[in-house]
Amino acid sequence: VCVVLGAIAFRSAGIAEAPEEKGLLTQHLDTAMSQIDRGPRSRAYRESLVFLRAHAAEATSEASGLLLAEGGGFAKWQATYLVGEFGDESAIALLRLLIDEPLPESQLAGEGRHAIDLAYTEELASRVQAVMSTARIASLRPNLREQAVAELVATAREVPLVKSTALFELRRLLGPDFRTLRSYFG
């Protein structure tokens with residue numbers, strides 16, 4: 001399903017790519033997602049990230065189908081995390097699209113005080129991760145720092161659900177310069 005959604009998004013973007021390159025892109029995205037728990041300890045994960053960073057625009061397009069798919073899930077959160085690891089300026093816009101998507105209505109999860117609405121929680125986790133991934137792009141790609149910071153400021157002002165996460169990431173990114181944002185937030 002992930003590959004099919006990504007392939008549809010990839011083709012609809014009008015990006016032409018050699019079949020063998022497309023196969024490598026999908027392979028590296030799948031490897032990174034399967035090795036995400038091991039992270040930097042996994043050589044395969046590190047190698048896939050190098051490839052995905054070198055092909056960031058195409059990789060972002062490939063992941064967009066999963067990020068914007070209906071329904072949450074761990075795979076959606078993984079893709080949202082990974083976009084922050086390899087993303088480019090198109091990833092900043094994609095992450096904002098995800099943040100701006102309406103959340104499903106929270107449903108009663110059932111009897112018992114520990115029951116949760118898993119679908120709602122997964123979607124919420126993906127939105128929070130999108131904010132964190134935007135900040136990660138600012139850290140990994142200094143040339144995109146200003147754009148990512150502007151997006152985080154806009155998110156903090158416009159999306160109450162993730163405001164605290166956006167402010168936390170801005171504070172972390174800007175350090176003492178965070179005080180210059182007081183006029184935006186009072």
# chains A, B, ... in the order shown; residues from 1 in each chain; ligands from 1
$ closest_atom_pairs --of "stretch 67-141 of chain A" --to "stretch 156-174 of chain A" --cutoff "12 Å" --atoms "only C-alpha atoms" --output "CSV"
residue,atom,partner,partner_atom,distance
A:Arg96,CA,A:Val159,CA,10.2
A:Leu97,CA,A:Val159,CA,11.8
A:Leu98,CA,A:Val159,CA,11.6
A:Ile99,CA,A:Val159,CA,7.9
A:Asp100,CA,A:Val159,CA,7.5
A:Glu101,CA,A:Val159,CA,10.4
A:Pro102,CA,A:Val159,CA,10.6
A:Leu103,CA,A:Leu161,CA,10.0
A:Glu123,CA,A:Leu161,CA,11.9
A:Leu124,CA,A:Leu161,CA,8.7
A:Ala125,CA,A:Val162,CA,10.1
A:Ser126,CA,A:Val162,CA,10.8
A:Arg127,CA,A:Val162,CA,7.4
A:Val128,CA,A:Val162,CA,6.1
A:Gln129,CA,A:Thr165,CA,9.1
A:Ala130,CA,A:Val162,CA,9.6
A:Val131,CA,A:Ala166,CA,6.1
A:Met132,CA,A:Glu169,CA,6.8
A:Ser133,CA,A:Glu169,CA,9.7
A:Thr134,CA,A:Glu169,CA,9.0
A:Ala135,CA,A:Glu169,CA,6.2
A:Arg136,CA,A:Glu169,CA,8.9
A:Ile137,CA,A:Leu173,CA,10.8
A:Ala138,CA,A:Leu173,CA,8.0
A:Ser139,CA,A:Leu173,CA,7.5
A:Leu140,CA,A:Leu173,CA,11.3
$ select_by_dssp --residues "chain A" --states "alpha helix (DSSP H)" --output "JSON, numbers by chain"
{"A": [2, 3, 4, 5, 6, 7, 8, 9, 10, 11, 12, 19, 20, 21, 22, 23, 24, 25, 26, 27, 28, 29, 30, 31, 32, 33, 34, 43, 44, 45, 46, 47, 48, 49, 50, 51, 52, 53, 54, 56, 57, 58, 59, 60, 61, 62, 63, 64, 65, 66, 67, 74, 75, 76, 77, 78, 79, 80, 81, 82, 83, 84, 85, 86, 89, 90, 91, 92, 93, 94, 95, 96, 97, 98, 99, 100, 118, 119, 120, 121, 122, 123, 124, 125, 126, 127, 128, 129, 130, 131, 132, 133, 134, 135, 136, 137, 138, 139, 140, 145, 146, 147, 148, 149, 150, 151, 152, 153, 154, 155, 156, 157, 158, 163, 164, 165, 166, 167, 168, 169, 170, 171, 172, 173, 174, 182, 183, 184, 185]}
$ residues_around --residues "A:Ala119" --least-positions-apart "4" --cutoff "8 Å" --atoms "only C-alpha atoms" --output "list in words"
Gly71, Gly72, Gly73 and Glu123 of chain A
$ residues_around --residues "A:Ser90" --least-positions-apart "3" --cutoff "7 Å" --atoms "only C-alpha atoms" --output "PDB file with C-alpha atoms, in the first residue's frame"
ATOM      1  CA  ALA A  57      12.868  16.156  -3.885  1.00  0.00           C
ATOM      2  CA  ALA A  93       5.471  22.503   2.347  1.00  0.00           C
ATOM      3  CA  LEU A  94       4.374  18.851   2.476  1.00  0.00           C
TER       4      LEU A  94
END
$ residues_around --residues "A:Ser106" --least-positions-apart "5" --cutoff "10 Å" --atoms "only C-alpha atoms" --output "tab-separated table (two decimals) with C-alpha atoms, in the first residue's frame"
chain	number	residue	atom	x	y	z
A	116	ILE	CA	-7.79	5.23	23.80
A	117	ASP	CA	-8.94	6.20	20.33
A	118	LEU	CA	-6.00	4.76	18.41
A	119	ALA	CA	-6.91	6.27	15.03
A	120	TYR	CA	-7.15	9.78	16.50
A	121	THR	CA	-3.98	9.33	18.54
$ residues_around --residues "A:Leu49" --least-positions-apart "2" --cutoff "9 Å" --atoms "only C-alpha atoms" --output "compact mmCIF listing (two decimals) with C-alpha atoms, in the first residue's frame"
# COMPACT_ATOMS: atom_id res chain seq x y z
CA HIS A 28 15.96 3.02 0.07
CA LEU A 29 12.71 4.44 1.41
CA ALA A 32 14.90 3.40 5.99
CA ALA A 44 21.54 0.02 5.93
CA TYR A 45 19.60 2.90 7.51
CA ARG A 46 22.57 5.27 7.25
CA GLU A 47 23.22 4.31 3.62
CA PHE A 51 20.76 8.19 -0.87
CA LEU A 52 17.46 9.80 0.14
CA ARG A 53 19.16 13.08 1.07
CA ALA A 54 20.88 13.12 -2.32
CA LEU A 82 11.91 10.28 7.69
CA GLU A 85 15.70 13.34 7.96
CA PHE A 86 16.04 13.73 4.19
$ atom_distance --atom1 "atom CA of A:Pro104" --atom2 "atom CA of A:Thr155"
19.2 Å
